[in-house]
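J.: Pasting a structure here, questions to come.
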Amino acid sequence: MGEKGLCQVKLVTRGRPAHGSLPILGDNAIMRLVRAIGKAEELINEFNRGIKLPSELMDAIRNSAEVYLEAARASGLNLTLSDFERVVGTVSFNPGVVRGGSKINMVPDYAELELDMRVPPGVSPSQVINYLRSGLSGAADVEVLDTSEPNYTSPNESIARLVHEGIERVLGTTPKPIIVTGATDGRYFRLGVYRLLFMDLGSWRWPMHTMST
């Protein structure tokens with residue numbers, strides 16, 4: 001019934017080059033980036049403590065956590081329901097790609113991190129970006145790579161109720177609305193229309209069927 005938004009940014013640090021045998025003459029951009037990454041994680045954790053989720057999505061968030069937990073346990077991972085509730089309901093933090101330096105015997109003057117974050121409904125990527133820029137001022141530059149707003153169809157909309165009733169009647173099972181943590185094409189089609197995505201909850205496959213009105 002919905003999905004988290006996309007918030008991908010690049011953290012950039014700059015230093016001063018020098019020969020690796022005399023690092024005190026330089027300013028190591030990689031070390032600056034290491035400190036900036038730690039600070040960025042602190043800022044996101046701080047931001048998450050102030051998030052207020054739409055009350056109508058609380059059941060969907062718990063359903064989502066249960067689905068992901070079941071798959072995790074099948075893989076032998078020792079995680080809890082609250083772990084997944086936190087992941088679904090907060091801004092996630094994944095440093096994905098790091099680049100920096102040109103030679104082992106040189107103090108690097110440039111380093112960058114590509115940071116992937118997923119934003120829950122009730123939060124805008126711009127809020128996260130502005131929070132990072134403010135908190136990392138003087139430590140790292142924050143450049144935007146890609147964003148999309150979190151989106152969902154209210155469980156109170158007629159399409160949600162009709163689909164729920166149809167699944168119960170035809171399949172004899174009670175469907176569980178969930179919030180998908182990854183981005184889907186549904187974010188493009190939900191502009192101005194109500195949209196639901198049907199998923200195989202018994203696997204990690206992404207949506208196979210959609211319905212809109």
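Simple scheme: letters A, B, ... for chains in structure tokens order, numbers from 1 for residues in each chain, numbers from 1 for ligands in the order shown.
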Please identify all polymer residues within 7 Å of A:Asn28, counting only C-alpha atoms, omitting same-chain residues fewer than 5 positions from it, and present them as a VMD selection string.
T.: chain A and resid 15 to 16 107 to 109
J.: Taking all heavy atoms for each residue, export the selection above as a PDB file, in the first residue's frame.
T.:
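Output file selection_23.pdb is given in full below:
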```
ATOM      1  N   GLY A  15      41.042  17.884   1.451  1.00  0.00           N
ATOM      2  CA  GLY A  15      42.178  18.092   2.346  1.00  0.00           C
ATOM      3  C   GLY A  15      43.321  18.779   1.633  1.00  0.00           C
ATOM      4  O   GLY A  15      43.105  19.582   0.721  1.00  0.00           O
ATOM      5  N   ARG A  16      44.532  18.413   2.026  1.00  0.00           N
ATOM      6  CA  ARG A  16      45.735  19.007   1.424  1.00  0.00           C
ATOM      7  C   ARG A  16      46.712  17.871   1.125  1.00  0.00           C
ATOM      8  O   ARG A  16      47.042  17.076   2.009  1.00  0.00           O
ATOM      9  CB  ARG A  16      46.360  20.017   2.390  1.00  0.00           C
ATOM     10  CG  ARG A  16      47.573  20.744   1.844  1.00  0.00           C
ATOM     11  CD  ARG A  16      48.065  21.820   2.803  1.00  0.00           C
ATOM     12  NE  ARG A  16      48.473  21.259   4.094  1.00  0.00           N
ATOM     13  CZ  ARG A  16      47.762  21.383   5.219  1.00  0.00           C
ATOM     14  NH1 ARG A  16      46.610  22.031   5.217  1.00  0.00           N
ATOM     15  NH2 ARG A  16      48.210  20.860   6.356  1.00  0.00           N
ATOM     16  N   VAL A 107      49.162  11.590   0.651  1.00  0.00           N
ATOM     17  CA  VAL A 107      48.057  12.024   1.510  1.00  0.00           C
ATOM     18  C   VAL A 107      46.925  12.483   0.595  1.00  0.00           C
ATOM     19  O   VAL A 107      47.111  13.404  -0.206  1.00  0.00           O
ATOM     20  CB  VAL A 107      48.481  13.174   2.439  1.00  0.00           C
ATOM     21  CG1 VAL A 107      47.287  13.682   3.245  1.00  0.00           C
ATOM     22  CG2 VAL A 107      49.600  12.719   3.375  1.00  0.00           C
ATOM     23  N   PRO A 108      45.756  11.840   0.671  1.00  0.00           N
ATOM     24  CA  PRO A 108      44.667  12.193  -0.246  1.00  0.00           C
ATOM     25  C   PRO A 108      44.074  13.568   0.059  1.00  0.00           C
ATOM     26  O   PRO A 108      43.880  13.927   1.224  1.00  0.00           O
ATOM     27  CB  PRO A 108      43.637  11.089  -0.018  1.00  0.00           C
ATOM     28  CG  PRO A 108      43.897  10.620   1.369  1.00  0.00           C
ATOM     29  CD  PRO A 108      45.373  10.746   1.589  1.00  0.00           C
ATOM     30  N   ASP A 109      43.781  14.315  -1.004  1.00  0.00           N
ATOM     31  CA  ASP A 109      43.174  15.636  -0.824  1.00  0.00           C
ATOM     32  C   ASP A 109      41.691  15.630  -1.179  1.00  0.00           C
ATOM     33  O   ASP A 109      41.039  16.683  -1.155  1.00  0.00           O
ATOM     34  CB  ASP A 109      43.906  16.696  -1.647  1.00  0.00           C
ATOM     35  CG  ASP A 109      43.846  16.429  -3.148  1.00  0.00           C
ATOM     36  OD1 ASP A 109      43.404  15.326  -3.544  1.00  0.00           O
ATOM     37  OD2 ASP A 109      44.253  17.312  -3.922  1.00  0.00           O
TER      38      ASP A 109
END
```
J.: Quick check for you: according to DSSP on this backbone, which residues of chain A are classed as strand (DSSP E)? Reply as JSON, numbers by chain.
T.: {"A": [2, 3, 5, 6, 7, 8, 9, 10, 11, 12, 13, 14, 18, 19, 94, 95, 96, 97, 98, 99, 100, 106, 107, 110, 111, 112, 113, 114, 115, 116, 117, 118, 119, 141, 142, 143, 144, 145, 146, 147, 148, 151, 152, 179, 180, 195, 196, 197, 198, 209, 210, 211, 212]}
J.: Could you pull the residues within 8 Å of A:Leu43, counting only C-alpha atoms, minus those fewer than 4 positions along the same chain, as an MDAnalysis selection string?
T.: chainID A and resid 39 47 131:132 135
J.: Give me the residues near A:Tyr110 as a compact mmCIF listing (two decimals) with all heavy atoms, in the first residue's frame, where near means some atom within 10 Å (using only C-alpha atoms) and where sequence neighbours in that chain fewer than 4 positions away do not count.
T.:
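Once written, out.txt looks like this:
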```
# COMPACT_ATOMS: atom_id res chain seq x y z
N VAL A 12 31.25 14.78 0.59
CA VAL A 12 32.55 15.09 0.00
C VAL A 12 33.42 15.82 1.02
O VAL A 12 32.98 16.78 1.65
CB VAL A 12 32.39 15.98 -1.26
CG1 VAL A 12 33.75 16.38 -1.81
CG2 VAL A 12 31.58 15.25 -2.32
N THR A 13 34.66 15.33 1.17
CA THR A 13 35.63 16.01 2.03
C THR A 13 36.87 16.35 1.21
O THR A 13 37.25 15.60 0.30
CB THR A 13 36.04 15.14 3.23
OG1 THR A 13 36.52 13.87 2.77
CG2 THR A 13 34.85 14.91 4.16
N ARG A 14 37.49 17.45 1.55
CA ARG A 14 38.70 17.90 0.85
C ARG A 14 39.80 18.18 1.87
O ARG A 14 39.53 18.63 2.98
CB ARG A 14 38.40 19.14 0.02
CG ARG A 14 37.45 18.86 -1.15
CD ARG A 14 37.08 20.13 -1.90
NE ARG A 14 36.30 19.83 -3.11
CZ ARG A 14 35.00 19.60 -3.12
NH1 ARG A 14 34.31 19.63 -1.98
NH2 ARG A 14 34.38 19.32 -4.25
N GLY A 15 41.04 17.88 1.45
CA GLY A 15 42.18 18.09 2.35
C GLY A 15 43.32 18.78 1.63
O GLY A 15 43.10 19.58 0.72
N ARG A 16 44.53 18.41 2.03
CA ARG A 16 45.74 19.01 1.42
C ARG A 16 46.71 17.87 1.12
O ARG A 16 47.04 17.08 2.01
CB ARG A 16 46.36 20.02 2.39
CG ARG A 16 47.57 20.74 1.84
CD ARG A 16 48.06 21.82 2.80
NE ARG A 16 48.47 21.26 4.09
CZ ARG A 16 47.76 21.38 5.22
NH1 ARG A 16 46.61 22.03 5.22
NH2 ARG A 16 48.21 20.86 6.36
N PRO A 17 47.21 17.76 -0.12
CA PRO A 17 48.09 16.66 -0.47
C PRO A 17 49.49 16.82 0.13
O PRO A 17 49.95 17.93 0.39
CB PRO A 17 48.12 16.72 -1.99
CG PRO A 17 47.91 18.17 -2.30
CD PRO A 17 46.95 18.66 -1.26
N ASP A 27 46.70 17.23 4.85
CA ASP A 27 45.41 17.14 5.56
C ASP A 27 44.64 16.02 4.87
O ASP A 27 44.18 16.18 3.75
CB ASP A 27 44.66 18.46 5.46
CG ASP A 27 43.36 18.46 6.25
OD1 ASP A 27 43.02 17.42 6.87
OD2 ASP A 27 42.65 19.49 6.24
N ASN A 28 44.52 14.88 5.54
CA ASN A 28 44.03 13.65 4.93
C ASN A 28 42.51 13.69 4.75
O ASN A 28 41.74 13.64 5.71
CB ASN A 28 44.42 12.45 5.79
CG ASN A 28 44.25 11.14 5.07
OD1 ASN A 28 43.17 10.84 4.56
ND2 ASN A 28 45.31 10.35 5.02
N ALA A 29 42.07 13.76 3.49
CA ALA A 29 40.64 13.86 3.19
C ALA A 29 39.90 12.57 3.56
O ALA A 29 38.71 12.62 3.91
CB ALA A 29 40.43 14.17 1.71
N ILE A 30 40.58 11.41 3.50
CA ILE A 30 39.92 10.16 3.88
C ILE A 30 39.63 10.14 5.37
O ILE A 30 38.55 9.71 5.80
CB ILE A 30 40.80 8.96 3.47
CG1 ILE A 30 40.82 8.83 1.95
CG2 ILE A 30 40.28 7.67 4.10
CD1 ILE A 30 41.69 7.68 1.42
N ARG A 32 39.16 12.74 7.18
CA ARG A 32 38.04 13.68 7.33
C ARG A 32 36.71 13.00 7.01
O ARG A 32 35.70 13.20 7.69
CB ARG A 32 38.23 14.90 6.41
CG ARG A 32 39.21 15.94 6.92
CD ARG A 32 39.31 17.10 5.93
NE ARG A 32 40.04 18.23 6.50
CZ ARG A 32 39.47 19.24 7.13
NH1 ARG A 32 38.14 19.27 7.26
NH2 ARG A 32 40.19 20.23 7.62
N LEU A 33 36.71 12.18 5.96
CA LEU A 33 35.49 11.50 5.56
C LEU A 33 35.07 10.48 6.61
O LEU A 33 33.87 10.34 6.90
CB LEU A 33 35.69 10.81 4.20
CG LEU A 33 34.47 10.10 3.63
CD1 LEU A 33 33.33 11.09 3.39
CD2 LEU A 33 34.82 9.38 2.34
N ARG A 99 35.11 6.50 -2.18
CA ARG A 99 36.23 6.74 -3.10
C ARG A 99 37.16 7.78 -2.49
O ARG A 99 36.71 8.73 -1.87
CB ARG A 99 35.72 7.25 -4.45
CG ARG A 99 34.76 6.33 -5.19
CD ARG A 99 34.41 6.90 -6.55
NE ARG A 99 33.41 6.10 -7.25
CZ ARG A 99 32.10 6.29 -7.16
NH1 ARG A 99 31.63 7.28 -6.40
NH2 ARG A 99 31.26 5.51 -7.82
N GLY A 100 38.46 7.60 -2.71
CA GLY A 100 39.40 8.59 -2.22
C GLY A 100 40.83 8.15 -2.43
O GLY A 100 41.14 6.96 -2.43
N GLY A 101 41.72 9.12 -2.60
CA GLY A 101 43.14 8.83 -2.76
C GLY A 101 43.50 8.42 -4.17
O GLY A 101 42.66 7.95 -4.95
N SER A 102 44.79 8.57 -4.49
CA SER A 102 45.29 8.21 -5.81
C SER A 102 46.46 7.23 -5.72
O SER A 102 46.64 6.40 -6.60
CB SER A 102 45.73 9.46 -6.58
OG SER A 102 46.71 10.18 -5.83
```
J.: Nearest to A:Ile178: which of A:Leu57, A:Met31, A:Val119, A:Ala40 is it, counting only C-alpha atoms?
T.: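 Going through A:Leu57, A:Met31, A:Val119, A:Ala40 one by one, the smallest distance to A:Ile178 is for A:Leu57.
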J.: Could you list, as an mmCIF file with all heavy atoms, in the first residue's frame, every residue within 9 Å of A:Leu53, counting only C-alpha atoms and ignoring same-chain residues fewer than 6 positions away?
T.:
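The file below, around_30.cif, is the result:
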```cif
data_model
loop_
_atom_site.group_PDB
_atom_site.id
_atom_site.type_symbol
_atom_site.label_atom_id
_atom_site.label_comp_id
_atom_site.auth_asym_id
_atom_site.auth_seq_id
_atom_site.Cartn_x
_atom_site.Cartn_y
_atom_site.Cartn_z
ATOM 1 N N GLY A 89 10.146 2.121 9.914
ATOM 2 C CA GLY A 89 9.563 3.368 10.387
ATOM 3 C C GLY A 89 10.527 4.514 10.607
ATOM 4 O O GLY A 89 10.127 5.561 11.113
ATOM 5 N N THR A 90 11.797 4.347 10.226
ATOM 6 C CA THR A 90 12.768 5.430 10.391
ATOM 7 C C THR A 90 13.588 5.596 9.110
ATOM 8 O O THR A 90 13.454 4.826 8.163
ATOM 9 C CB THR A 90 13.733 5.158 11.560
ATOM 10 O OG1 THR A 90 14.497 3.966 11.285
ATOM 11 C CG2 THR A 90 12.973 4.976 12.871
ATOM 12 N N PRO A 120 10.729 7.155 5.581
ATOM 13 C CA PRO A 120 9.364 6.662 5.785
ATOM 14 C C PRO A 120 8.307 7.728 5.498
ATOM 15 O O PRO A 120 8.619 8.931 5.476
ATOM 16 C CB PRO A 120 9.363 6.290 7.271
ATOM 17 C CG PRO A 120 10.317 7.261 7.884
ATOM 18 C CD PRO A 120 11.407 7.436 6.856
ATOM 19 N N PRO A 121 7.063 7.320 5.262
ATOM 20 C CA PRO A 121 5.977 8.294 5.118
ATOM 21 C C PRO A 121 5.916 9.213 6.337
ATOM 22 O O PRO A 121 6.141 8.778 7.467
ATOM 23 C CB PRO A 121 4.730 7.407 5.035
ATOM 24 C CG PRO A 121 5.227 6.114 4.465
ATOM 25 C CD PRO A 121 6.593 5.927 5.075
ATOM 26 N N GLY A 122 5.630 10.468 6.071
ATOM 27 C CA GLY A 122 5.631 11.457 7.146
ATOM 28 C C GLY A 122 6.899 12.281 7.175
ATOM 29 O O GLY A 122 6.994 13.263 7.909
ATOM 30 N N VAL A 123 7.885 11.890 6.366
ATOM 31 C CA VAL A 123 9.172 12.588 6.290
ATOM 32 C C VAL A 123 9.475 12.866 4.825
ATOM 33 O O VAL A 123 9.192 12.039 3.956
ATOM 34 C CB VAL A 123 10.308 11.747 6.909
ATOM 35 C CG1 VAL A 123 11.652 12.443 6.741
ATOM 36 C CG2 VAL A 123 10.035 11.463 8.373
#
```
J.: Looking at only C-alpha atoms, which of A:Ile51, A:Cys7, A:Ala60, A:Val34 is the one that sits closest to A:Thr153?
T.: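 Comparing A:Ile51, A:Cys7, A:Ala60, A:Val34 against A:Thr153, the winner is A:Ala60.
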J.: Interatomic distance between atom CA of A:Lys4 and atom CA of A:Leu171?
T.: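 Separating atom CA of A:Lys4 from atom CA of A:Leu171 is a distance of 28.0 Å.
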J.: Grab the atom CA of A:Asp59 to atom CA of A:Leu115 distance for me, in Å with one decimal place.
T.: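 Going from atom CA of A:Asp59 over to atom CA of A:Leu115 covers 29.1 Å.
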J.: Out of A:Arg169, A:Lys52, A:His19, A:Lys176, which residue has the shortest atom-to-atom distance to A:Ala65 when counting only C-alpha atoms?
T.: A:Lys176
